[in-house]
$ cat protein_21.cif   # mmCIF, C-alpha atoms
data_target
#
loop_
_atom_site.group_PDB
_atom_site.id
_atom_site.type_symbol
_atom_site.label_atom_id
_atom_site.label_comp_id
_atom_site.auth_asym_id
_atom_site.auth_seq_id
_atom_site.Cartn_x
_atom_site.Cartn_y
_atom_site.Cartn_z
ATOM 1 C CA MET A 1 0.000 0.000 0.000
ATOM 2 C CA ASN A 2 1.205 3.512 -0.859
ATOM 3 C CA TYR A 3 0.611 5.376 2.398
ATOM 4 C CA ARG A 4 1.243 8.680 0.625
ATOM 5 C CA GLN A 5 -2.179 8.230 -0.963
ATOM 6 C CA LEU A 6 -3.890 8.287 2.433
ATOM 7 C CA PRO A 7 -5.623 11.528 3.493
ATOM 8 C CA PRO A 8 -3.966 13.607 6.244
ATOM 9 C CA LEU A 9 -4.835 12.253 9.686
ATOM 10 C CA ASN A 10 -5.806 15.702 11.020
ATOM 11 C CA ALA A 11 -8.246 16.128 8.145
ATOM 12 C CA LEU A 12 -9.829 12.759 8.955
ATOM 13 C CA ARG A 13 -10.125 13.745 12.627
ATOM 14 C CA ALA A 14 -11.778 17.023 11.651
ATOM 15 C CA PHE A 15 -14.223 15.206 9.374
ATOM 16 C CA GLU A 16 -15.156 12.566 11.982
ATOM 17 C CA CYS A 17 -15.642 15.142 14.713
ATOM 18 C CA ALA A 18 -17.676 17.541 12.541
ATOM 19 C CA ALA A 19 -19.784 14.653 11.231
ATOM 20 C CA ARG A 20 -20.418 13.372 14.753
ATOM 21 C CA HIS A 21 -21.655 16.757 15.974
ATOM 22 C CA LEU A 22 -22.902 18.079 12.611
ATOM 23 C CA SER A 23 -21.247 21.295 13.711
ATOM 24 C CA VAL A 24 -17.948 22.888 12.718
ATOM 25 C CA LYS A 25 -18.003 25.064 15.844
ATOM 26 C CA ILE A 26 -18.405 22.160 18.291
ATOM 27 C CA ALA A 27 -15.788 20.146 16.408
ATOM 28 C CA ALA A 28 -13.378 23.073 16.696
ATOM 29 C CA GLU A 29 -13.965 23.261 20.458
ATOM 30 C CA GLU A 30 -13.349 19.520 20.868
ATOM 31 C CA LEU A 31 -10.181 19.608 18.761
ATOM 32 C CA CYS A 32 -8.952 22.848 20.375
ATOM 33 C CA VAL A 33 -8.580 24.672 17.058
ATOM 34 C CA THR A 34 -10.495 27.432 15.309
ATOM 35 C CA SER A 35 -13.626 26.888 13.251
ATOM 36 C CA GLY A 36 -11.695 28.128 10.256
ATOM 37 C CA ALA A 37 -9.064 25.459 10.781
ATOM 38 C CA VAL A 38 -11.716 22.732 10.870
ATOM 39 C CA SER A 39 -13.335 24.059 7.693
ATOM 40 C CA GLN A 40 -9.948 24.200 5.974
ATOM 41 C CA MET A 41 -9.112 20.609 6.946
ATOM 42 C CA ILE A 42 -12.487 19.365 5.699
ATOM 43 C CA LYS A 43 -11.960 21.243 2.428
ATOM 44 C CA LEU A 44 -8.522 19.638 2.116
ATOM 45 C CA LEU A 45 -10.046 16.191 2.645
ATOM 46 C CA GLU A 46 -12.802 16.816 0.080
ATOM 47 C CA GLU A 47 -10.211 17.933 -2.459
ATOM 48 C CA HIS A 48 -8.118 14.856 -1.718
ATOM 49 C CA LEU A 49 -11.116 12.554 -2.238
ATOM 50 C CA GLY A 50 -12.682 14.510 -5.064
ATOM 51 C CA VAL A 51 -16.149 14.430 -3.462
ATOM 52 C CA LYS A 52 -18.240 16.668 -1.236
ATOM 53 C CA LEU A 53 -18.709 15.277 2.266
ATOM 54 C CA PHE A 54 -20.988 17.985 3.682
ATOM 55 C CA LYS A 55 -23.877 20.117 2.549
ATOM 56 C CA ARG A 56 -23.423 23.644 3.884
ATOM 57 C CA MET A 57 -26.715 25.072 5.184
ATOM 58 C CA ASN A 58 -27.296 28.486 6.778
ATOM 59 C CA ARG A 59 -26.018 27.710 10.273
ATOM 60 C CA ARG A 60 -25.427 23.991 10.150
ATOM 61 C CA ILE A 61 -23.955 21.232 8.045
ATOM 62 C CA LEU A 62 -25.376 17.915 6.841
ATOM 63 C CA LEU A 63 -23.603 14.876 5.471
ATOM 64 C CA THR A 64 -23.882 14.134 1.784
ATOM 65 C CA GLN A 65 -24.456 10.534 0.723
ATOM 66 C CA ALA A 66 -20.705 10.229 0.181
ATOM 67 C CA GLY A 67 -20.128 11.562 3.692
ATOM 68 C CA GLN A 68 -22.638 9.120 5.181
ATOM 69 C CA ASP A 69 -20.890 6.217 3.435
ATOM 70 C CA TYR A 70 -17.429 7.437 4.472
ATOM 71 C CA LEU A 71 -18.139 8.114 8.157
ATOM 72 C CA PRO A 72 -18.626 4.529 9.473
ATOM 73 C CA VAL A 73 -15.394 3.397 7.837
ATOM 74 C CA ILE A 74 -13.376 6.264 9.296
ATOM 75 C CA ARG A 75 -14.998 5.882 12.712
ATOM 76 C CA ASN A 76 -14.188 2.165 12.759
ATOM 77 C CA ALA A 77 -10.596 2.903 11.720
ATOM 78 C CA PHE A 78 -10.185 5.305 14.649
ATOM 79 C CA ARG A 79 -11.640 2.689 17.007
ATOM 80 C CA GLN A 80 -9.161 0.112 15.754
ATOM 81 C CA ILE A 81 -6.289 2.552 16.201
ATOM 82 C CA ALA A 82 -7.464 3.318 19.752
ATOM 83 C CA GLU A 83 -7.775 -0.397 20.570
ATOM 84 C CA ALA A 84 -4.359 -1.205 19.093
ATOM 85 C CA SER A 85 -2.810 1.680 21.032
ATOM 86 C CA ARG A 86 -4.493 0.579 24.262
ATOM 87 C CA HIS A 87 -3.259 -2.948 23.824
ATOM 88 C CA ALA A 88 0.259 -1.790 22.962
ATOM 89 C CA THR A 89 0.308 0.203 26.188
ATOM 90 C CA MET A 90 -0.969 -2.761 28.187
ATOM 91 C CA SER A 91 1.582 -5.077 26.573
ATOM 92 C CA ALA A 92 4.321 -2.837 27.832
ATOM 93 C CA SER A 93 3.269 -3.687 31.399
ATOM 94 C CA ALA A 94 5.707 -6.475 32.221
ATOM 95 C CA GLY A 95 4.150 -9.899 31.695
ATOM 96 C CA ILE A 96 0.668 -9.283 33.087
ATOM 97 C CA LEU A 97 -2.147 -11.222 31.378
ATOM 98 C CA THR A 98 -5.675 -10.319 32.481
ATOM 99 C CA LEU A 99 -8.182 -13.153 32.253
ATOM 100 C CA SER A 100 -11.937 -12.864 32.817
ATOM 101 C CA VAL A 101 -13.778 -16.084 33.712
ATOM 102 C CA THR A 102 -17.127 -17.072 35.161
ATOM 103 C CA PRO A 103 -17.017 -17.741 38.916
ATOM 104 C CA PHE A 104 -18.168 -21.356 38.527
ATOM 105 C CA PHE A 105 -15.552 -22.172 35.865
ATOM 106 C CA ALA A 106 -12.844 -20.468 37.904
ATOM 107 C CA SER A 107 -13.513 -22.431 41.088
ATOM 108 C CA ALA A 108 -14.492 -25.775 39.571
ATOM 109 C CA TRP A 109 -12.030 -26.063 36.680
ATOM 110 C CA LEU A 110 -9.408 -23.325 36.328
ATOM 111 C CA ILE A 111 -7.982 -22.735 39.815
ATOM 112 C CA PRO A 112 -7.083 -26.418 40.470
ATOM 113 C CA ARG A 113 -4.985 -26.379 37.275
ATOM 114 C CA LEU A 114 -3.333 -22.956 37.465
ATOM 115 C CA ASN A 115 -0.187 -24.155 39.192
ATOM 116 C CA SER A 116 0.976 -25.885 36.019
ATOM 117 C CA PHE A 117 0.587 -22.657 34.010
ATOM 118 C CA GLY A 118 2.738 -20.786 36.517
ATOM 119 C CA GLN A 119 5.413 -23.461 36.310
ATOM 120 C CA ALA A 120 5.380 -23.424 32.492
ATOM 121 C CA HIS A 121 5.336 -19.619 32.196
ATOM 122 C CA PRO A 122 6.965 -18.024 35.269
ATOM 123 C CA ASP A 123 7.446 -14.785 33.277
ATOM 124 C CA ILE A 124 3.666 -14.214 32.934
ATOM 125 C CA ASP A 125 1.734 -12.811 35.885
ATOM 126 C CA LEU A 126 -1.878 -13.953 35.498
ATOM 127 C CA GLN A 127 -4.593 -11.655 36.823
ATOM 128 C CA VAL A 128 -7.916 -13.496 37.151
ATOM 129 C CA LEU A 129 -11.180 -11.521 37.208
ATOM 130 C CA THR A 130 -14.548 -13.234 37.707
ATOM 131 C CA GLY A 131 -17.793 -12.251 36.027
ATOM 132 C CA ASN A 132 -20.538 -13.625 33.805
ATOM 133 C CA ALA A 133 -21.251 -10.904 31.249
ATOM 134 C CA LEU A 134 -19.453 -11.001 27.899
ATOM 135 C CA VAL A 135 -16.344 -8.823 28.024
ATOM 136 C CA ASP A 136 -16.031 -5.590 26.050
ATOM 137 C CA PHE A 137 -12.384 -5.997 25.111
ATOM 138 C CA SER A 138 -12.116 -2.389 23.928
ATOM 139 C CA HIS A 139 -12.979 -0.947 27.358
ATOM 140 C CA ASP A 140 -12.631 -3.586 30.100
ATOM 141 C CA ASN A 141 -8.806 -3.919 30.171
ATOM 142 C CA VAL A 142 -9.135 -7.668 29.689
ATOM 143 C CA ASP A 143 -6.861 -9.688 27.388
ATOM 144 C CA ILE A 144 -8.699 -12.987 27.231
ATOM 145 C CA ALA A 145 -11.895 -14.514 28.626
ATOM 146 C CA VAL A 146 -13.742 -17.782 29.207
ATOM 147 C CA ARG A 147 -17.506 -17.773 28.684
ATOM 148 C CA HIS A 148 -20.300 -20.353 28.529
ATOM 149 C CA GLY A 149 -22.509 -20.485 25.460
ATOM 150 C CA VAL A 150 -22.504 -21.618 21.844
ATOM 151 C CA GLY A 151 -19.161 -19.984 21.019
ATOM 152 C CA ARG A 152 -20.325 -17.523 18.362
ATOM 153 C CA TYR A 153 -19.018 -14.061 19.273
ATOM 154 C CA PRO A 154 -18.648 -11.579 16.354
ATOM 155 C CA GLY A 155 -15.134 -10.193 16.024
ATOM 156 C CA LEU A 156 -13.690 -12.636 18.555
ATOM 157 C CA ARG A 157 -11.607 -15.768 18.151
ATOM 158 C CA SER A 158 -13.367 -18.643 19.921
ATOM 159 C CA HIS A 159 -11.875 -21.984 21.061
ATOM 160 C CA HIS A 160 -13.978 -24.815 22.487
ATOM 161 C CA LEU A 161 -12.651 -25.821 25.911
ATOM 162 C CA VAL A 162 -14.945 -28.187 27.781
ATOM 163 C CA SER A 163 -18.576 -29.146 27.777
ATOM 164 C CA VAL A 164 -20.292 -29.892 31.080
ATOM 165 C CA GLN A 165 -23.398 -31.759 32.070
ATOM 166 C CA MET A 166 -26.410 -29.458 31.888
ATOM 167 C CA VAL A 167 -29.621 -30.055 33.792
ATOM 168 C CA PRO A 168 -33.051 -28.348 33.748
ATOM 169 C CA VAL A 169 -34.141 -27.142 37.180
ATOM 170 C CA ALA A 170 -36.985 -25.125 38.639
ATOM 171 C CA ALA A 171 -38.177 -23.758 41.970
ATOM 172 C CA PRO A 172 -40.395 -26.077 44.062
ATOM 173 C CA SER A 173 -43.214 -23.507 43.838
ATOM 174 C CA LEU A 174 -43.204 -23.683 40.033
ATOM 175 C CA VAL A 175 -43.154 -27.498 40.081
ATOM 176 C CA ALA A 176 -46.056 -27.513 42.534
ATOM 177 C CA ARG A 177 -48.059 -25.304 40.164
ATOM 178 C CA LEU A 178 -47.245 -27.070 36.882
ATOM 179 C CA GLY A 179 -46.521 -30.600 38.043
ATOM 180 C CA MET A 180 -43.389 -32.663 37.522
ATOM 181 C CA PRO A 181 -42.769 -33.068 33.770
ATOM 182 C CA ALA A 182 -43.207 -36.652 32.565
ATOM 183 C CA SER A 183 -40.969 -36.080 29.539
ATOM 184 C CA ALA A 184 -38.641 -33.489 28.045
ATOM 185 C CA ALA A 185 -41.396 -32.406 25.652
ATOM 186 C CA ASP A 186 -43.561 -31.341 28.606
ATOM 187 C CA LEU A 187 -41.064 -28.522 29.270
ATOM 188 C CA LEU A 188 -41.884 -26.897 25.923
ATOM 189 C CA ALA A 189 -44.906 -25.263 27.541
ATOM 190 C CA TRP A 190 -43.103 -24.162 30.695
ATOM 191 C CA PRO A 191 -41.902 -20.600 31.280
ATOM 192 C CA LYS A 192 -38.131 -20.665 30.861
ATOM 193 C CA ILE A 193 -35.153 -18.429 31.656
ATOM 194 C CA ASN A 194 -32.834 -18.296 28.649
ATOM 195 C CA ASP A 195 -29.130 -17.768 28.191
ATOM 196 C CA ALA A 196 -28.139 -14.576 26.366
ATOM 197 C CA ASP A 197 -27.949 -16.367 22.976
ATOM 198 C CA ARG A 198 -31.331 -18.060 23.531
ATOM 199 C CA GLN A 199 -29.772 -21.269 22.210
ATOM 200 C CA GLY A 200 -29.326 -23.455 25.296
ATOM 201 C CA TRP A 201 -32.877 -24.748 25.568
ATOM 202 C CA ARG A 202 -33.128 -25.358 21.811
ATOM 203 C CA LEU A 203 -29.953 -27.448 21.877
ATOM 204 C CA TRP A 204 -31.129 -29.346 24.957
ATOM 205 C CA PHE A 205 -34.474 -30.222 23.367
ATOM 206 C CA GLN A 206 -32.650 -31.412 20.241
ATOM 207 C CA VAL A 207 -30.438 -33.718 22.319
ATOM 208 C CA GLN A 208 -33.603 -35.111 23.962
ATOM 209 C CA GLY A 209 -35.099 -35.854 20.555
ATOM 210 C CA VAL A 210 -37.905 -33.308 20.918
ATOM 211 C CA GLU A 211 -39.297 -31.967 17.642
ATOM 212 C CA HIS A 212 -41.251 -28.847 16.676
ATOM 213 C CA ILE A 213 -39.222 -26.544 18.915
ATOM 214 C CA GLU A 214 -40.575 -23.007 18.935
ATOM 215 C CA PRO A 215 -38.241 -19.964 19.035
ATOM 216 C CA ALA A 216 -37.114 -19.159 22.571
ATOM 217 C CA ARG A 217 -39.434 -16.802 24.438
ATOM 218 C CA GLY A 218 -39.255 -15.154 27.856
ATOM 219 C CA THR A 219 -36.447 -13.600 29.847
ATOM 220 C CA ALA A 220 -32.818 -13.978 28.732
ATOM 221 C CA VAL A 221 -29.788 -13.041 30.845
ATOM 222 C CA ASP A 222 -26.038 -13.009 30.145
ATOM 223 C CA ASN A 223 -25.133 -13.779 33.745
ATOM 224 C CA THR A 224 -25.259 -17.356 35.037
ATOM 225 C CA GLY A 225 -25.590 -16.159 38.620
ATOM 226 C CA LEU A 226 -28.610 -14.017 37.760
ATOM 227 C CA LEU A 227 -30.121 -16.876 35.793
ATOM 228 C CA LEU A 228 -29.792 -19.130 38.833
ATOM 229 C CA ASN A 229 -31.380 -16.497 41.078
ATOM 230 C CA ALA A 230 -34.277 -16.035 38.637
ATOM 231 C CA VAL A 231 -34.915 -19.785 38.621
ATOM 232 C CA ILE A 232 -34.814 -20.006 42.437
ATOM 233 C CA ALA A 233 -37.278 -17.085 42.570
ATOM 234 C CA GLY A 234 -39.732 -19.127 40.496
ATOM 235 C CA HIS A 235 -39.698 -17.070 37.294
ATOM 236 C CA GLY A 236 -39.145 -20.119 35.087
ATOM 237 C CA ALA A 237 -37.156 -23.283 34.519
ATOM 238 C CA GLY A 238 -33.446 -22.866 33.879
ATOM 239 C CA LEU A 239 -30.789 -24.909 32.122
ATOM 240 C CA LEU A 240 -27.622 -24.831 34.235
ATOM 241 C CA PRO A 241 -24.437 -26.844 34.878
ATOM 242 C CA ALA A 242 -25.338 -29.862 37.004
ATOM 243 C CA ALA A 243 -22.390 -29.363 39.362
ATOM 244 C CA MET A 244 -23.331 -25.724 39.880
ATOM 245 C CA VAL A 245 -26.923 -26.411 40.994
ATOM 246 C CA ALA A 246 -26.225 -29.625 42.930
ATOM 247 C CA PRO A 247 -26.099 -27.863 46.351
ATOM 248 C CA ASP A 248 -29.425 -26.087 45.697
ATOM 249 C CA VAL A 249 -31.048 -29.353 44.598
ATOM 250 C CA GLU A 250 -29.737 -31.175 47.689
ATOM 251 C CA GLN A 251 -31.028 -28.414 49.990
ATOM 252 C CA GLY A 252 -34.450 -28.263 48.343
ATOM 253 C CA ARG A 253 -34.186 -24.810 46.807
ATOM 254 C CA LEU A 254 -34.396 -26.328 43.314
ATOM 255 C CA VAL A 255 -35.996 -29.395 41.748
ATOM 256 C CA GLN A 256 -34.156 -31.338 39.059
ATOM 257 C CA LEU A 257 -36.553 -31.817 36.122
ATOM 258 C CA ALA A 258 -34.555 -34.352 34.072
ATOM 259 C CA ARG A 259 -31.277 -36.230 34.068
ATOM 260 C CA PRO A 260 -28.052 -34.282 33.389
ATOM 261 C CA THR A 261 -27.030 -34.211 29.730
ATOM 262 C CA HIS A 262 -23.744 -33.486 27.949
ATOM 263 C CA MET A 263 -24.180 -30.813 25.260
ATOM 264 C CA GLU A 264 -21.025 -30.587 23.183
ATOM 265 C CA THR A 265 -21.661 -27.228 21.477
ATOM 266 C CA PHE A 266 -23.185 -25.521 24.534
ATOM 267 C CA ALA A 267 -19.890 -25.333 26.378
ATOM 268 C CA TYR A 268 -17.113 -23.182 27.805
ATOM 269 C CA TYR A 269 -15.111 -21.259 25.215
ATOM 270 C CA LEU A 270 -11.873 -19.297 25.320
ATOM 271 C CA VAL A 271 -12.424 -15.959 23.544
ATOM 272 C CA TYR A 272 -10.260 -12.972 22.605
ATOM 273 C CA PRO A 273 -10.090 -10.382 19.790
ATOM 274 C CA GLN A 274 -9.052 -11.845 16.441
ATOM 275 C CA MET A 275 -6.429 -9.115 16.021
ATOM 276 C CA HIS A 276 -4.549 -10.497 19.059
ATOM 277 C CA ASP A 277 -3.907 -13.949 17.609
ATOM 278 C CA ASP A 278 -0.144 -13.348 17.605
ATOM 279 C CA ASN A 279 0.117 -11.809 21.074
ATOM 280 C CA PRO A 280 2.760 -13.965 22.836
ATOM 281 C CA LYS A 281 1.051 -13.911 26.249
ATOM 282 C CA ILE A 282 -2.338 -14.795 24.802
ATOM 283 C CA ALA A 283 -0.800 -17.516 22.642
ATOM 284 C CA ALA A 284 0.959 -18.995 25.679
ATOM 285 C CA PHE A 285 -2.228 -19.126 27.747
ATOM 286 C CA ARG A 286 -4.294 -20.375 24.791
ATOM 287 C CA ASP A 287 -1.927 -23.242 24.105
ATOM 288 C CA TRP A 288 -1.755 -24.156 27.796
ATOM 289 C CA ILE A 289 -5.494 -24.140 28.471
ATOM 290 C CA LEU A 290 -6.347 -26.016 25.257
ATOM 291 C CA GLY A 291 -3.821 -28.646 26.307
ATOM 292 C CA GLU A 292 -5.398 -28.876 29.759
ATOM 293 C CA ALA A 293 -8.851 -29.239 28.185
ATOM 294 C CA LEU A 294 -7.668 -32.355 26.358
ATOM 295 C CA THR A 295 -6.442 -34.105 29.518
#
$ encode --input "protein_21.cif" --output "structure tokens"
Amino acid sequence: MNYRQLPPLNALRAFECAARHLSVKIAAEELCVTSGAVSQMIKLLEEHLGVKLFKRMNRRILLTQAGQDYLPVIRNAFRQIAEASRHATMSASAGILTLSVTPFFASAWLIPRLNSFGQAHPDIDLQVLTGNALVDFSHDNVDIAVRHGVGRYPGLRSHHLVSVQMVPVAAPSLVARLGMPASAADLLAWPKINDADRQGWRLWFQVQGVEHIEPARGTAVDNTGLLLNAVIAGHGAGLLPAAMVAPDVEQGRLVQLARPTHMETFAYYLVYPQMHDDNPKIAAFRDWILGEALT
């Protein structure tokens, strides 16, 4: 690529800012320059491109069709530059790797195995954060994450780690009202709490051989802890890891509605931005945890 053909960066900044506010004056205030300077930079960009980006009205500006088409691309480019710069800054911080995992996965699977990662990579200091919501890698200062779902996360690299036994459960009050299901198909009519992707129940019914599955309805949450709380509160049946709900079933807070089932695609996945494939710290952790998942 001939980088000399690229427009001046300051002109692109002036365009993005003016387009965002639809105001040369506000853009000038944000960029700490004069309105005349912003207008001149936009003019320079238009001359470089050979198209008009704005329609000049009496006291305001509007984007032309060319400007509307150009803006998302430029805005995304600035976001990528900001993300790359943030990550470069973070990478300069010794060997710290920040990992976000769900609390259940951390306690039941990850922590018992972490000693071997430390022995294999003594130069990497692992920082483990627990949470259930999907990470926003551009803002959360997280390098890599483990999440439970179907593994389809736009813009992220996803690696299948482990599947666990899933079991449908409900509060005793809901079972008392609807009766214990005689078969998996009986649960089609039950109110259900869904995972964020609304795919868990569909996959479970498929494994049980149930046909004519309707699209998922009802509440969906991206937090396993909240899903568990909603089920205990009687808002609907929930599909959760068998080991996670075992204490609540034993203590009578939940009723198990069917036998635990392995669901290969509804599993724990390692996820991180695709652009970080070659990051040495991420590669080291990825290779280690994928190896552990095979043992």
$ residues_around --input "protein_21.cif" --residues "Asp277 of chain A" --least-positions-apart "5" --cutoff "8 Å" --atoms "all atoms listed in the file" --output "list in words"
Arg157, Ile282 and Ala283 of chain A
$ residues_around --input "protein_21.cif" --residues "segment 239-255 of chain A" --least-positions-apart "4" --cutoff "8 Å" --atoms "only C-alpha atoms" --output "list in words"
Phe104, Val164, Gln165, Met166, Val167, Pro168, Val169, Ala170, Ala171, Pro172, Val175, Ile193, Asn194, Gly200, Trp201, Thr224, Leu228, Ile232 and Pro260 of chain A
$ closest_residue --input "protein_21.cif" --among "A:Leu270, A:Ala293, A:Ala18, A:Leu71" --to "Ser100 of chain A" --atoms "only C-alpha atoms"
A:Leu270
$ closest_residue --input "protein_21.cif" --among "A:Leu290, A:Val24, A:Ala145, A:Ala133" --to "Met57 of chain A" --atoms "all atoms listed in the file"
A:Val24
$ closest_residue --input "protein_21.cif" --among "A:Trp204, A:Phe117, A:Tyr153, A:Phe78" --to "Lys281 of chain A" --atoms "only C-alpha atoms"
A:Phe117
$ atom_distance --input "protein_21.cif" --atom1 "atom CA of Asp222 of chain A" --atom2 "atom CA of Lys192 of chain A"
14.3 Å
$ resolve_selection --input "protein_21.cif" --expression "the PyMOL selection byres ((chain A and resi 219) around 12)" --output "NGL selection string"
:A and (191-198 or 216-218 or 220-223 or 226-227 or 230-231 or 235-238)
$ closest_residue --input "protein_21.cif" --among "A:Asp136, A:Glu30, A:Asp123, A:Glu16" --to "Val73 of chain A" --atoms "only C-alpha atoms"
A:Glu16
$ closest_residue --input "protein_21.cif" --among "A:Asn10, A:Met180, A:Glu211, A:Val162" --to "Gly291 of chain A" --atoms "all atoms listed in the file"
A:Val162
$ atom_distance --input "protein_21.cif" --atom1 "atom CA of Gly36 of chain A" --atom2 "atom CA of Ser85 of chain A"
29.9 Å
$ atom_distance --input "protein_21.cif" --atom1 "atom CA of His160 of chain A" --atom2 "atom CA of Asp287 of chain A"
12.3 Å
$ residues_around --input "protein_21.cif" --residues "Ala120 of chain A" --least-positions-apart "5" --cutoff "12 Å" --atoms "all atoms listed in the file" --output "list in words"
Arg113, Leu114, Asn115, Asp125, Ala284, Phe285, Asp287, Trp288 and Ile289 of chain A
$ closest_residue --input "protein_21.cif" --among "A:Glu214, A:Lys52, A:Ser158, A:Pro181" --to "Gln256 of chain A" --atoms "all atoms listed in the file"
A:Pro181
